[in-house]
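Structure file final-v4.cif; described as mmCIF, N, CA and C atoms and all ligand atoms.
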data_structure
loop_
_atom_site.label_atom_id
_atom_site.label_comp_id
_atom_site.auth_asym_id
_atom_site.auth_seq_id
_atom_site.Cartn_x
_atom_site.Cartn_y
_atom_site.Cartn_z
N MET J 1 -16.32 -52.81 -13.83
CA MET J 1 -17.40 -52.38 -14.73
C MET J 1 -16.98 -52.63 -16.18
N ALA J 2 -17.87 -53.20 -16.97
CA ALA J 2 -17.55 -53.47 -18.37
C ALA J 2 -17.32 -52.13 -19.09
N SER J 3 -16.34 -52.12 -20.00
CA SER J 3 -16.07 -50.86 -20.69
C SER J 3 -17.28 -50.50 -21.55
N GLY J 4 -17.57 -49.21 -21.63
CA GLY J 4 -18.71 -48.77 -22.41
C GLY J 4 -20.00 -48.75 -21.61
N GLU J 5 -19.97 -49.30 -20.39
CA GLU J 5 -21.17 -49.31 -19.58
C GLU J 5 -21.22 -48.02 -18.76
N ALA J 6 -22.38 -47.39 -18.71
CA ALA J 6 -22.49 -46.14 -17.95
C ALA J 6 -22.33 -46.43 -16.46
N PRO J 7 -21.75 -45.48 -15.71
CA PRO J 7 -21.64 -45.67 -14.25
C PRO J 7 -23.03 -45.86 -13.64
N LEU J 8 -23.05 -46.59 -12.50
CA LEU J 8 -24.31 -46.82 -11.80
C LEU J 8 -25.07 -45.51 -11.59
N PHE J 9 -24.32 -44.47 -11.23
CA PHE J 9 -24.94 -43.18 -10.94
C PHE J 9 -25.81 -42.70 -12.11
N GLU J 10 -25.25 -42.81 -13.33
CA GLU J 10 -26.01 -42.37 -14.51
C GLU J 10 -27.21 -43.27 -14.74
N ARG J 11 -26.98 -44.58 -14.55
CA ARG J 11 -28.07 -45.53 -14.81
C ARG J 11 -29.22 -45.37 -13.82
N LEU J 12 -28.90 -44.86 -12.65
CA LEU J 12 -29.96 -44.62 -11.65
C LEU J 12 -30.71 -43.31 -11.91
N GLY J 13 -30.21 -42.53 -12.88
CA GLY J 13 -30.88 -41.26 -13.17
C GLY J 13 -30.23 -40.07 -12.48
N GLY J 14 -28.94 -40.21 -12.15
CA GLY J 14 -28.20 -39.08 -11.56
C GLY J 14 -28.75 -38.70 -10.20
N GLU J 15 -28.51 -37.46 -9.81
CA GLU J 15 -28.90 -37.04 -8.45
C GLU J 15 -30.41 -37.16 -8.22
N VAL J 16 -31.19 -36.86 -9.24
CA VAL J 16 -32.65 -36.93 -9.08
C VAL J 16 -33.08 -38.36 -8.78
N GLY J 17 -32.49 -39.31 -9.52
CA GLY J 17 -32.84 -40.71 -9.32
C GLY J 17 -32.36 -41.24 -7.98
N VAL J 18 -31.13 -40.88 -7.59
CA VAL J 18 -30.59 -41.36 -6.31
C VAL J 18 -31.40 -40.77 -5.15
N ARG J 19 -31.75 -39.50 -5.26
CA ARG J 19 -32.54 -38.86 -4.19
C ARG J 19 -33.92 -39.54 -4.06
N ALA J 20 -34.54 -39.84 -5.21
CA ALA J 20 -35.86 -40.47 -5.18
C ALA J 20 -35.77 -41.86 -4.55
N LEU J 21 -34.68 -42.58 -4.84
CA LEU J 21 -34.49 -43.91 -4.27
C LEU J 21 -34.33 -43.82 -2.74
N VAL J 22 -33.50 -42.88 -2.30
CA VAL J 22 -33.26 -42.72 -0.86
C VAL J 22 -34.55 -42.28 -0.16
N ASP J 23 -35.28 -41.38 -0.77
CA ASP J 23 -36.53 -40.93 -0.15
C ASP J 23 -37.52 -42.08 -0.04
N ARG J 24 -37.61 -42.92 -1.08
CA ARG J 24 -38.52 -44.06 -1.01
C ARG J 24 -38.06 -45.03 0.08
N PHE J 25 -36.73 -45.25 0.14
CA PHE J 25 -36.14 -46.15 1.14
C PHE J 25 -36.56 -45.72 2.56
N TYR J 26 -36.39 -44.44 2.87
CA TYR J 26 -36.72 -43.99 4.23
C TYR J 26 -38.22 -43.85 4.45
N ASP J 27 -38.99 -43.55 3.37
CA ASP J 27 -40.46 -43.57 3.52
C ASP J 27 -40.91 -44.97 3.92
N LEU J 28 -40.37 -45.98 3.23
CA LEU J 28 -40.75 -47.37 3.52
C LEU J 28 -40.31 -47.76 4.93
N MET J 29 -39.10 -47.36 5.30
CA MET J 29 -38.62 -47.71 6.64
C MET J 29 -39.55 -47.13 7.70
N ASP J 30 -40.08 -45.95 7.42
CA ASP J 30 -40.98 -45.28 8.35
C ASP J 30 -42.36 -45.96 8.39
N LEU J 31 -42.78 -46.50 7.24
CA LEU J 31 -44.16 -47.00 7.10
C LEU J 31 -44.32 -48.48 7.40
N GLU J 32 -43.34 -49.29 7.03
CA GLU J 32 -43.54 -50.74 7.02
C GLU J 32 -43.18 -51.35 8.38
N PRO J 33 -44.14 -52.00 9.00
CA PRO J 33 -43.85 -52.66 10.29
C PRO J 33 -42.69 -53.66 10.17
N ALA J 34 -42.48 -54.22 9.00
CA ALA J 34 -41.41 -55.22 8.82
C ALA J 34 -40.02 -54.62 9.04
N TYR J 35 -39.91 -53.29 8.99
CA TYR J 35 -38.60 -52.65 9.14
C TYR J 35 -38.49 -51.88 10.47
N ALA J 36 -39.41 -52.17 11.39
CA ALA J 36 -39.54 -51.36 12.61
C ALA J 36 -38.27 -51.34 13.46
N GLU J 37 -37.61 -52.48 13.58
CA GLU J 37 -36.44 -52.51 14.47
C GLU J 37 -35.31 -51.66 13.90
N THR J 38 -35.14 -51.69 12.59
CA THR J 38 -34.11 -50.86 11.97
C THR J 38 -34.51 -49.38 12.03
N ARG J 39 -35.79 -49.11 11.84
CA ARG J 39 -36.28 -47.73 11.95
C ARG J 39 -35.98 -47.16 13.33
N ALA J 40 -36.18 -48.02 14.36
CA ALA J 40 -36.05 -47.57 15.74
C ALA J 40 -34.62 -47.16 16.10
N LEU J 41 -33.64 -47.60 15.32
CA LEU J 41 -32.25 -47.21 15.59
C LEU J 41 -31.99 -45.77 15.15
N HIS J 42 -32.87 -45.26 14.25
CA HIS J 42 -32.64 -43.94 13.65
C HIS J 42 -33.25 -42.83 14.50
N PRO J 43 -32.86 -41.58 14.23
CA PRO J 43 -33.45 -40.45 14.95
C PRO J 43 -34.95 -40.34 14.65
N THR J 44 -35.66 -39.59 15.49
CA THR J 44 -37.11 -39.40 15.30
C THR J 44 -37.39 -38.86 13.91
N THR J 45 -36.69 -37.81 13.55
CA THR J 45 -36.84 -37.28 12.20
C THR J 45 -35.73 -37.84 11.32
N LEU J 46 -36.14 -38.26 10.11
CA LEU J 46 -35.18 -38.93 9.21
C LEU J 46 -34.53 -37.96 8.23
N ASP J 47 -34.76 -36.66 8.39
CA ASP J 47 -34.24 -35.70 7.41
C ASP J 47 -32.72 -35.80 7.25
N GLY J 48 -32.00 -35.87 8.39
CA GLY J 48 -30.54 -35.95 8.33
C GLY J 48 -30.07 -37.26 7.74
N SER J 49 -30.78 -38.36 8.07
CA SER J 49 -30.42 -39.67 7.54
C SER J 49 -30.60 -39.68 6.02
N ARG J 50 -31.69 -39.08 5.55
CA ARG J 50 -31.95 -39.02 4.10
C ARG J 50 -30.81 -38.29 3.39
N ASP J 51 -30.43 -37.14 3.92
CA ASP J 51 -29.38 -36.36 3.26
C ASP J 51 -28.07 -37.15 3.23
N LYS J 52 -27.72 -37.77 4.37
CA LYS J 52 -26.43 -38.46 4.44
C LYS J 52 -26.38 -39.66 3.50
N LEU J 53 -27.45 -40.44 3.46
CA LEU J 53 -27.44 -41.61 2.57
C LEU J 53 -27.44 -41.15 1.11
N PHE J 54 -28.16 -40.09 0.81
CA PHE J 54 -28.15 -39.54 -0.55
C PHE J 54 -26.74 -39.09 -0.93
N TRP J 55 -26.10 -38.32 -0.07
CA TRP J 55 -24.74 -37.85 -0.38
C TRP J 55 -23.79 -39.03 -0.55
N PHE J 56 -23.93 -40.01 0.35
CA PHE J 56 -23.03 -41.16 0.29
C PHE J 56 -23.24 -41.95 -1.00
N LEU J 57 -24.50 -42.25 -1.33
CA LEU J 57 -24.76 -43.11 -2.50
C LEU J 57 -24.39 -42.43 -3.82
N CYS J 58 -24.45 -41.10 -3.87
CA CYS J 58 -23.98 -40.41 -5.08
C CYS J 58 -22.53 -40.80 -5.36
N GLY J 59 -21.68 -40.73 -4.35
CA GLY J 59 -20.26 -41.07 -4.54
C GLY J 59 -20.05 -42.56 -4.74
N TRP J 60 -20.78 -43.36 -3.97
CA TRP J 60 -20.62 -44.82 -4.02
C TRP J 60 -20.98 -45.38 -5.40
N THR J 61 -21.90 -44.71 -6.10
CA THR J 61 -22.32 -45.16 -7.44
C THR J 61 -21.49 -44.52 -8.55
N GLY J 62 -20.49 -43.72 -8.17
CA GLY J 62 -19.62 -43.14 -9.19
C GLY J 62 -19.97 -41.71 -9.56
N GLY J 63 -20.86 -41.09 -8.82
CA GLY J 63 -21.22 -39.69 -9.05
C GLY J 63 -20.41 -38.77 -8.16
N PRO J 64 -20.91 -37.56 -7.93
CA PRO J 64 -20.17 -36.58 -7.12
C PRO J 64 -19.96 -37.03 -5.67
N ASP J 65 -18.80 -36.66 -5.11
CA ASP J 65 -18.42 -37.09 -3.76
C ASP J 65 -18.97 -36.17 -2.68
N HIS J 66 -20.27 -35.96 -2.68
CA HIS J 66 -20.87 -35.03 -1.71
C HIS J 66 -20.58 -35.41 -0.27
N TYR J 67 -20.61 -36.72 0.02
CA TYR J 67 -20.44 -37.14 1.41
C TYR J 67 -19.02 -36.84 1.90
N ILE J 68 -18.03 -37.26 1.10
CA ILE J 68 -16.62 -37.07 1.49
C ILE J 68 -16.29 -35.58 1.61
N GLU J 69 -16.87 -34.77 0.72
CA GLU J 69 -16.62 -33.33 0.81
C GLU J 69 -17.07 -32.78 2.16
N ARG J 70 -18.15 -33.33 2.70
CA ARG J 70 -18.69 -32.80 3.96
C ARG J 70 -18.08 -33.45 5.20
N PHE J 71 -17.84 -34.77 5.11
CA PHE J 71 -17.51 -35.52 6.34
C PHE J 71 -16.17 -36.24 6.28
N GLY J 72 -15.49 -36.19 5.15
CA GLY J 72 -14.24 -36.94 5.01
C GLY J 72 -14.51 -38.40 4.72
N HIS J 73 -13.52 -39.23 5.00
CA HIS J 73 -13.65 -40.66 4.71
C HIS J 73 -14.90 -41.23 5.38
N PRO J 74 -15.69 -42.02 4.66
CA PRO J 74 -16.96 -42.50 5.24
C PRO J 74 -16.80 -43.33 6.53
N ARG J 75 -15.75 -44.15 6.67
CA ARG J 75 -15.58 -44.96 7.89
C ARG J 75 -16.93 -45.53 8.34
N LEU J 76 -17.64 -46.15 7.40
CA LEU J 76 -19.02 -46.53 7.68
C LEU J 76 -19.16 -47.50 8.84
N ARG J 77 -18.23 -48.46 8.93
CA ARG J 77 -18.37 -49.43 10.01
C ARG J 77 -18.23 -48.73 11.37
N ALA J 78 -17.25 -47.85 11.47
CA ALA J 78 -17.06 -47.11 12.72
C ALA J 78 -18.27 -46.23 13.02
N ARG J 79 -18.81 -45.58 12.00
CA ARG J 79 -19.96 -44.69 12.22
C ARG J 79 -21.21 -45.46 12.63
N HIS J 80 -21.27 -46.75 12.32
CA HIS J 80 -22.44 -47.55 12.70
C HIS J 80 -22.28 -48.23 14.07
N MET J 81 -21.09 -48.11 14.66
CA MET J 81 -20.84 -48.80 15.93
C MET J 81 -21.80 -48.41 17.05
N PRO J 82 -22.27 -47.14 17.10
CA PRO J 82 -23.20 -46.81 18.18
C PRO J 82 -24.53 -47.55 18.09
N PHE J 83 -24.83 -48.16 16.93
CA PHE J 83 -26.12 -48.81 16.75
C PHE J 83 -25.94 -50.32 16.74
N PRO J 84 -26.72 -51.04 17.57
CA PRO J 84 -26.60 -52.50 17.56
C PRO J 84 -27.16 -53.07 16.26
N ILE J 85 -26.30 -53.59 15.41
CA ILE J 85 -26.71 -54.12 14.10
C ILE J 85 -26.37 -55.60 14.04
N GLY J 86 -27.41 -56.41 13.99
CA GLY J 86 -27.25 -57.85 13.83
C GLY J 86 -27.85 -58.30 12.51
N ILE J 87 -28.05 -59.60 12.39
CA ILE J 87 -28.60 -60.15 11.15
C ILE J 87 -29.99 -59.58 10.87
N ARG J 88 -30.80 -59.46 11.92
CA ARG J 88 -32.16 -58.95 11.72
C ARG J 88 -32.13 -57.54 11.14
N GLU J 89 -31.30 -56.65 11.70
CA GLU J 89 -31.24 -55.26 11.23
C GLU J 89 -30.66 -55.20 9.81
N ARG J 90 -29.61 -56.01 9.57
CA ARG J 90 -29.03 -56.07 8.22
C ARG J 90 -30.10 -56.48 7.21
N ASP J 91 -30.84 -57.54 7.54
CA ASP J 91 -31.82 -58.05 6.59
C ASP J 91 -32.97 -57.07 6.38
N GLN J 92 -33.34 -56.35 7.43
CA GLN J 92 -34.40 -55.34 7.27
C GLN J 92 -33.91 -54.20 6.37
N TRP J 93 -32.67 -53.77 6.60
CA TRP J 93 -32.11 -52.68 5.78
C TRP J 93 -32.10 -53.09 4.31
N MET J 94 -31.62 -54.32 4.05
CA MET J 94 -31.54 -54.81 2.67
C MET J 94 -32.92 -54.94 2.04
N ALA J 95 -33.87 -55.55 2.78
CA ALA J 95 -35.21 -55.76 2.23
C ALA J 95 -35.86 -54.41 1.91
N CYS J 96 -35.62 -53.43 2.77
CA CYS J 96 -36.16 -52.09 2.55
C CYS J 96 -35.57 -51.49 1.27
N MET J 97 -34.26 -51.66 1.08
CA MET J 97 -33.62 -51.12 -0.12
C MET J 97 -34.09 -51.84 -1.38
N VAL J 98 -34.23 -53.18 -1.30
CA VAL J 98 -34.71 -53.94 -2.47
C VAL J 98 -36.12 -53.48 -2.84
N GLN J 99 -36.97 -53.30 -1.82
CA GLN J 99 -38.34 -52.84 -2.09
C GLN J 99 -38.33 -51.44 -2.70
N ALA J 100 -37.47 -50.57 -2.18
CA ALA J 100 -37.38 -49.21 -2.71
C ALA J 100 -36.93 -49.23 -4.17
N MET J 101 -35.95 -50.08 -4.49
CA MET J 101 -35.47 -50.15 -5.89
C MET J 101 -36.59 -50.63 -6.80
N GLN J 102 -37.33 -51.66 -6.34
CA GLN J 102 -38.45 -52.17 -7.14
C GLN J 102 -39.48 -51.08 -7.38
N GLU J 103 -39.86 -50.41 -6.30
CA GLU J 103 -40.93 -49.41 -6.42
C GLU J 103 -40.49 -48.20 -7.23
N GLN J 104 -39.19 -47.92 -7.26
CA GLN J 104 -38.69 -46.81 -8.06
C GLN J 104 -38.46 -47.23 -9.52
N GLY J 105 -38.70 -48.51 -9.81
CA GLY J 105 -38.55 -48.97 -11.19
C GLY J 105 -37.11 -49.10 -11.64
N VAL J 106 -36.19 -49.33 -10.70
CA VAL J 106 -34.79 -49.58 -11.09
C VAL J 106 -34.77 -50.89 -11.88
N GLU J 107 -34.17 -50.88 -13.06
CA GLU J 107 -34.20 -52.09 -13.92
C GLU J 107 -33.58 -53.26 -13.17
N SER J 108 -34.09 -54.47 -13.47
CA SER J 108 -33.78 -55.60 -12.60
C SER J 108 -32.30 -55.97 -12.60
N ALA J 109 -31.61 -55.88 -13.73
CA ALA J 109 -30.18 -56.23 -13.75
C ALA J 109 -29.39 -55.26 -12.86
N LEU J 110 -29.75 -54.00 -12.95
CA LEU J 110 -29.08 -52.98 -12.15
C LEU J 110 -29.40 -53.17 -10.66
N ALA J 111 -30.67 -53.46 -10.36
CA ALA J 111 -31.07 -53.68 -8.97
C ALA J 111 -30.34 -54.89 -8.39
N ALA J 112 -30.18 -55.95 -9.20
CA ALA J 112 -29.49 -57.14 -8.72
C ALA J 112 -28.04 -56.82 -8.40
N ARG J 113 -27.41 -56.05 -9.27
CA ARG J 113 -26.01 -55.70 -9.06
C ARG J 113 -25.83 -54.79 -7.84
N MET J 114 -26.70 -53.82 -7.72
CA MET J 114 -26.66 -52.94 -6.54
C MET J 114 -26.91 -53.76 -5.27
N GLY J 115 -27.87 -54.67 -5.35
CA GLY J 115 -28.22 -55.47 -4.19
C GLY J 115 -27.04 -56.28 -3.69
N GLU J 116 -26.30 -56.89 -4.61
CA GLU J 116 -25.12 -57.68 -4.23
C GLU J 116 -24.08 -56.82 -3.53
N ALA J 117 -23.78 -55.69 -4.13
CA ALA J 117 -22.74 -54.82 -3.58
C ALA J 117 -23.19 -54.24 -2.23
N LEU J 118 -24.45 -53.85 -2.14
CA LEU J 118 -24.95 -53.29 -0.87
C LEU J 118 -24.99 -54.34 0.21
N PHE J 119 -25.27 -55.59 -0.18
CA PHE J 119 -25.31 -56.64 0.83
C PHE J 119 -23.94 -56.79 1.50
N SER J 120 -22.88 -56.76 0.71
CA SER J 120 -21.54 -56.87 1.30
C SER J 120 -21.31 -55.75 2.31
N THR J 121 -21.70 -54.54 1.93
CA THR J 121 -21.52 -53.40 2.83
C THR J 121 -22.38 -53.57 4.08
N ALA J 122 -23.63 -53.97 3.89
CA ALA J 122 -24.54 -54.12 5.03
C ALA J 122 -24.05 -55.22 5.98
N ASP J 123 -23.54 -56.30 5.40
CA ASP J 123 -23.07 -57.41 6.23
C ASP J 123 -21.85 -56.99 7.05
N TRP J 124 -21.03 -56.15 6.46
CA TRP J 124 -19.81 -55.67 7.11
C TRP J 124 -20.15 -54.73 8.26
N MET J 125 -21.36 -54.18 8.26
CA MET J 125 -21.80 -53.25 9.30
C MET J 125 -22.27 -53.98 10.56
N ARG J 126 -22.40 -55.31 10.47
CA ARG J 126 -22.88 -56.04 11.64
C ARG J 126 -21.88 -55.94 12.78
N ASN J 127 -22.38 -55.65 13.97
CA ASN J 127 -21.50 -55.54 15.14
C ASN J 127 -22.08 -56.31 16.33
N ARG J 128 -23.08 -57.14 16.07
CA ARG J 128 -23.68 -57.99 17.11
C ARG J 128 -23.79 -59.42 16.59
C1 LIG H 201 -26.93 -53.06 7.97
C2 LIG H 201 -27.95 -52.35 8.37
C3 LIG H 201 -27.87 -50.87 8.65
C4 LIG H 201 -28.44 -50.23 9.70
C5 LIG H 201 -29.30 -50.88 10.77
C6 LIG H 201 -28.09 -48.83 9.60
C7 LIG H 201 -28.46 -47.84 10.49
C8 LIG H 201 -28.00 -46.56 10.49
C9 LIG H 201 -28.28 -45.57 11.49
C10 LIG H 201 -29.16 -45.80 12.71
C11 LIG H 201 -27.66 -44.42 11.13
C12 LIG H 201 -27.68 -43.07 11.86
C13 LIG H 201 -28.69 -42.20 11.18
C14 LIG H 201 -28.43 -40.72 11.35
O1 LIG H 201 -27.31 -40.32 11.75
O2 LIG H 201 -29.34 -39.95 11.03
C15 LIG H 201 -26.95 -44.70 9.91
C16 LIG H 201 -26.17 -43.79 9.25
C17 LIG H 201 -25.64 -43.99 8.01
N1 LIG H 201 -25.72 -45.13 7.26
FE1 LIG H 201 -26.52 -46.88 7.87
N2 LIG H 201 -27.33 -48.63 8.48
C18 LIG H 201 -27.17 -49.86 7.86
C19 LIG H 201 -26.51 -50.09 6.70
C20 LIG H 201 -25.98 -49.13 5.88
C21 LIG H 201 -25.44 -49.35 4.57
C22 LIG H 201 -25.37 -50.70 3.86
C23 LIG H 201 -25.02 -48.14 4.10
C24 LIG H 201 -24.40 -47.76 2.80
C25 LIG H 201 -24.56 -48.42 1.70
C26 LIG H 201 -25.29 -47.14 5.12
C27 LIG H 201 -24.99 -45.82 5.04
C28 LIG H 201 -25.11 -44.91 6.06
C29 LIG H 201 -24.58 -43.56 6.05
C30 LIG H 201 -23.82 -42.90 4.92
C31 LIG H 201 -24.91 -42.99 7.28
C32 LIG H 201 -24.52 -41.60 7.78
C33 LIG H 201 -23.27 -41.74 8.61
C34 LIG H 201 -22.86 -40.43 9.26
O3 LIG H 201 -22.32 -39.56 8.56
O4 LIG H 201 -23.09 -40.27 10.45
N3 LIG H 201 -25.87 -47.79 6.18
N4 LIG H 201 -27.18 -45.99 9.53
#
Kindly return the structure encoded in the file as structure tokens.
Amino acid sequence: MASGEAPLFERLGGEVGVRALVDRFYDLMDLEPAYAETRALHPTTLDGSRDKLFWFLCGWTGGPDHYIERFGHPRLRARHMPFPIGIRERDQWMACMVQAMQEQGVESALAARMGEALFSTADWMRNR
């Protein structure tokens, strides 16, 4: 990160902004037929998924470590092993997040940077 640049967490609007992004992400996943296969991997109710992604992204963007405080090391790849994740699921997850960032008005330079970093993580989650 360039010196003098605010952490991603602050630029996203802190906890309120990260929560709004995660809520939009899961609302879209629930609503958009284009994300149906990725939606189908999740529990019927998305309440727990919303909380976990919110807690995780707070820490991942440089804010409070809510996720680690509750669950320890994220071990994200291991935690995703029960779900068959291939290119289709990865691409749906990413497209859903990109759409959520757009709709939440995340500035384009920030969205591009988040998108790149999230893509690496999403690609690493592939297990099929
Ligand atoms: C590549 C496509 C992905 C798919 C299909 C996927 C799917 C899932 C599913 C089905 C769950 C379980 C939901 C639940 O326990 O309620 C989950 C949990 C989770 N995902 Fe993903 N995910 C993907 C990528 C990502 C990425 C890129 C991140 C982070 C940037 C992420 C972060 C998390 C977190 C933090 C949890 C909670 C883990 C736990 O504590 O059990 N996922 N994901």
Near region 32-49 of chain J, within 8 Å and counting all atoms listed in the file, which residues show up once chain neighbours fewer than 2 positions away are dropped, as a PDB file with N, CA and C atoms, in the frame of the given file?
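And here's around-v7.pdb as it stands now:
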ATOM      1  N   VAL J  22     -33.500 -42.880  -2.300  1.00  0.00           N
ATOM      2  CA  VAL J  22     -33.260 -42.720  -0.860  1.00  0.00           C
ATOM      3  C   VAL J  22     -34.550 -42.280  -0.160  1.00  0.00           C
ATOM      4  N   TYR J  26     -36.390 -44.440   2.870  1.00  0.00           N
ATOM      5  CA  TYR J  26     -36.720 -43.990   4.230  1.00  0.00           C
ATOM      6  C   TYR J  26     -38.220 -43.850   4.450  1.00  0.00           C
ATOM      7  N   ASP J  27     -38.990 -43.550   3.370  1.00  0.00           N
ATOM      8  CA  ASP J  27     -40.460 -43.570   3.520  1.00  0.00           C
ATOM      9  C   ASP J  27     -40.910 -44.970   3.920  1.00  0.00           C
ATOM     10  N   LEU J  28     -40.370 -45.980   3.230  1.00  0.00           N
ATOM     11  CA  LEU J  28     -40.750 -47.370   3.520  1.00  0.00           C
ATOM     12  C   LEU J  28     -40.310 -47.760   4.930  1.00  0.00           C
ATOM     13  N   MET J  29     -39.100 -47.360   5.300  1.00  0.00           N
ATOM     14  CA  MET J  29     -38.620 -47.710   6.640  1.00  0.00           C
ATOM     15  C   MET J  29     -39.550 -47.130   7.700  1.00  0.00           C
ATOM     16  N   ASP J  30     -40.080 -45.950   7.420  1.00  0.00           N
ATOM     17  CA  ASP J  30     -40.980 -45.280   8.350  1.00  0.00           C
ATOM     18  C   ASP J  30     -42.360 -45.960   8.390  1.00  0.00           C
ATOM     19  N   ASP J  51     -30.430 -37.140   3.920  1.00  0.00           N
ATOM     20  CA  ASP J  51     -29.380 -36.360   3.260  1.00  0.00           C
ATOM     21  C   ASP J  51     -28.070 -37.150   3.230  1.00  0.00           C
ATOM     22  N   LYS J  52     -27.720 -37.770   4.370  1.00  0.00           N
ATOM     23  CA  LYS J  52     -26.430 -38.460   4.440  1.00  0.00           C
ATOM     24  C   LYS J  52     -26.380 -39.660   3.500  1.00  0.00           C
ATOM     25  N   LEU J  53     -27.450 -40.440   3.460  1.00  0.00           N
ATOM     26  CA  LEU J  53     -27.440 -41.610   2.570  1.00  0.00           C
ATOM     27  C   LEU J  53     -27.440 -41.150   1.110  1.00  0.00           C
ATOM     28  N   PHE J  54     -28.160 -40.090   0.810  1.00  0.00           N
ATOM     29  CA  PHE J  54     -28.150 -39.540  -0.550  1.00  0.00           C
ATOM     30  C   PHE J  54     -26.740 -39.090  -0.930  1.00  0.00           C
ATOM     31  N   TRP J  55     -26.100 -38.320  -0.070  1.00  0.00           N
ATOM     32  CA  TRP J  55     -24.740 -37.850  -0.380  1.00  0.00           C
ATOM     33  C   TRP J  55     -23.790 -39.030  -0.550  1.00  0.00           C
ATOM     34  N   PHE J  83     -24.830 -48.160  16.930  1.00  0.00           N
ATOM     35  CA  PHE J  83     -26.120 -48.810  16.750  1.00  0.00           C
ATOM     36  C   PHE J  83     -25.940 -50.320  16.740  1.00  0.00           C
ATOM     37  N   PRO J  84     -26.720 -51.040  17.570  1.00  0.00           N
ATOM     38  CA  PRO J  84     -26.600 -52.500  17.560  1.00  0.00           C
ATOM     39  C   PRO J  84     -27.160 -53.070  16.260  1.00  0.00           C
ATOM     40  N   ARG J  88     -30.800 -59.460  11.920  1.00  0.00           N
ATOM     41  CA  ARG J  88     -32.160 -58.950  11.720  1.00  0.00           C
ATOM     42  C   ARG J  88     -32.130 -57.540  11.140  1.00  0.00           C
ATOM     43  N   GLU J  89     -31.300 -56.650  11.700  1.00  0.00           N
ATOM     44  CA  GLU J  89     -31.240 -55.260  11.230  1.00  0.00           C
ATOM     45  C   GLU J  89     -30.660 -55.200   9.810  1.00  0.00           C
ATOM     46  N   ARG J  90     -29.610 -56.010   9.570  1.00  0.00           N
ATOM     47  CA  ARG J  90     -29.030 -56.070   8.220  1.00  0.00           C
ATOM     48  C   ARG J  90     -30.100 -56.480   7.210  1.00  0.00           C
ATOM     49  N   ASP J  91     -30.840 -57.540   7.540  1.00  0.00           N
ATOM     50  CA  ASP J  91     -31.820 -58.050   6.590  1.00  0.00           C
ATOM     51  C   ASP J  91     -32.970 -57.070   6.380  1.00  0.00           C
ATOM     52  N   GLN J  92     -33.340 -56.350   7.430  1.00  0.00           N
ATOM     53  CA  GLN J  92     -34.400 -55.340   7.270  1.00  0.00           C
ATOM     54  C   GLN J  92     -33.910 -54.200   6.370  1.00  0.00           C
ATOM     55  N   TRP J  93     -32.670 -53.770   6.600  1.00  0.00           N
ATOM     56  CA  TRP J  93     -32.110 -52.680   5.780  1.00  0.00           C
ATOM     57  C   TRP J  93     -32.100 -53.090   4.310  1.00  0.00           C
ATOM     58  N   ALA J  95     -33.870 -55.550   2.780  1.00  0.00           N
ATOM     59  CA  ALA J  95     -35.210 -55.760   2.230  1.00  0.00           C
ATOM     60  C   ALA J  95     -35.860 -54.410   1.910  1.00  0.00           C
ATOM     61  N   CYS J  96     -35.620 -53.430   2.770  1.00  0.00           N
ATOM     62  CA  CYS J  96     -36.160 -52.090   2.550  1.00  0.00           C
ATOM     63  C   CYS J  96     -35.570 -51.490   1.270  1.00  0.00           C
TER      64      CYS J  96
END
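The shell of residues at most 7 Å from Met101 (chain J), with only N, CA and C atoms counted and near chain neighbours (fewer than 6 positions) removed, consists of J:Leu21, J:Phe25, J:Glu107, J:Ala111.
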Checklist entry - Quick one: of J:Val106, J:Leu31, J:Ile68, J:Ala117, who's nearest to Leu12 (chain J), counting all atoms listed in the file? => result J:Val106
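Here the question is which of J:Arg50, J:Arg113, J:His66, J:Arg128 gets nearest to ligand LIG 201 (chain H) using only C-alpha atoms and all ligand atoms, and that residue is J:Arg50.
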All file atoms of ligand LIG 201 (chain H) boxed axis-aligned, 4 Å per side, centre plus edges, as lines of an AutoDock Vina configuration file:
center_x = -25.8
center_y = -46.3
center_z = 7.2
size_x = 15.0
size_y = 21.5
size_z = 19.0
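A straight line drawn from atom C of Val98 (chain J) to atom C18 of ligand LIG 201 (chain H) is 14.4 Å long.
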Checklist entry - Restricting the calculation to all atoms listed in the file, which member of J:Asp123, J:Leu110, J:Ala78, J:Gln102 is positioned closest to Arg11 (chain J)? => result J:Leu110
Next on the checklist: Applying 12 Å and only C-alpha atoms, which residues near Arg79 (chain J) remain after dropping the ones on its own chain fewer than 6 positions away? List them as a list in words.
Outcome noted: Lys52, Phe71, His73, Ile85, Met125, Arg126 and Asn127 of chain J
Item to check | Residues of chain J in alpha helix (DSSP H), written as a PyMOL selection string | outcome: chain J and resi 8-11+14-31+36-40+47-60+66-71+76-80+87-103+108-124
Next on the checklist: Under the rule that only C-alpha atoms are counted, which of J:Ala122, J:Ala109, J:Ala100, J:Cys58 is the nearest residue to Arg77 (chain J)?
Outcome noted: J:Ala122
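Of the residues under consideration (J:Asp65, J:Glu5, J:Glu10, J:Glu103), J:Asp65 shows the shortest atom-to-atom contact distance to ligand LIG 201 (chain H) when counting only C-alpha atoms and all ligand atoms.
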Checklist entry - What does the distance between atom C31 of ligand LIG 201 (chain H) and CA of Glu69 (chain J) come to in Å, to one decimal place? => result 14.3 Å
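Atom C of Gly59 (chain J) to CA of Phe9 (chain J) spans 7.9 Å [interatomic distance, one decimal].
Closest approach to ligand LIG 201 (chain H) among J:Glu116, J:Phe56, J:Met81, J:Met97 is made by J:Phe56 (distances from all atoms listed in the file).
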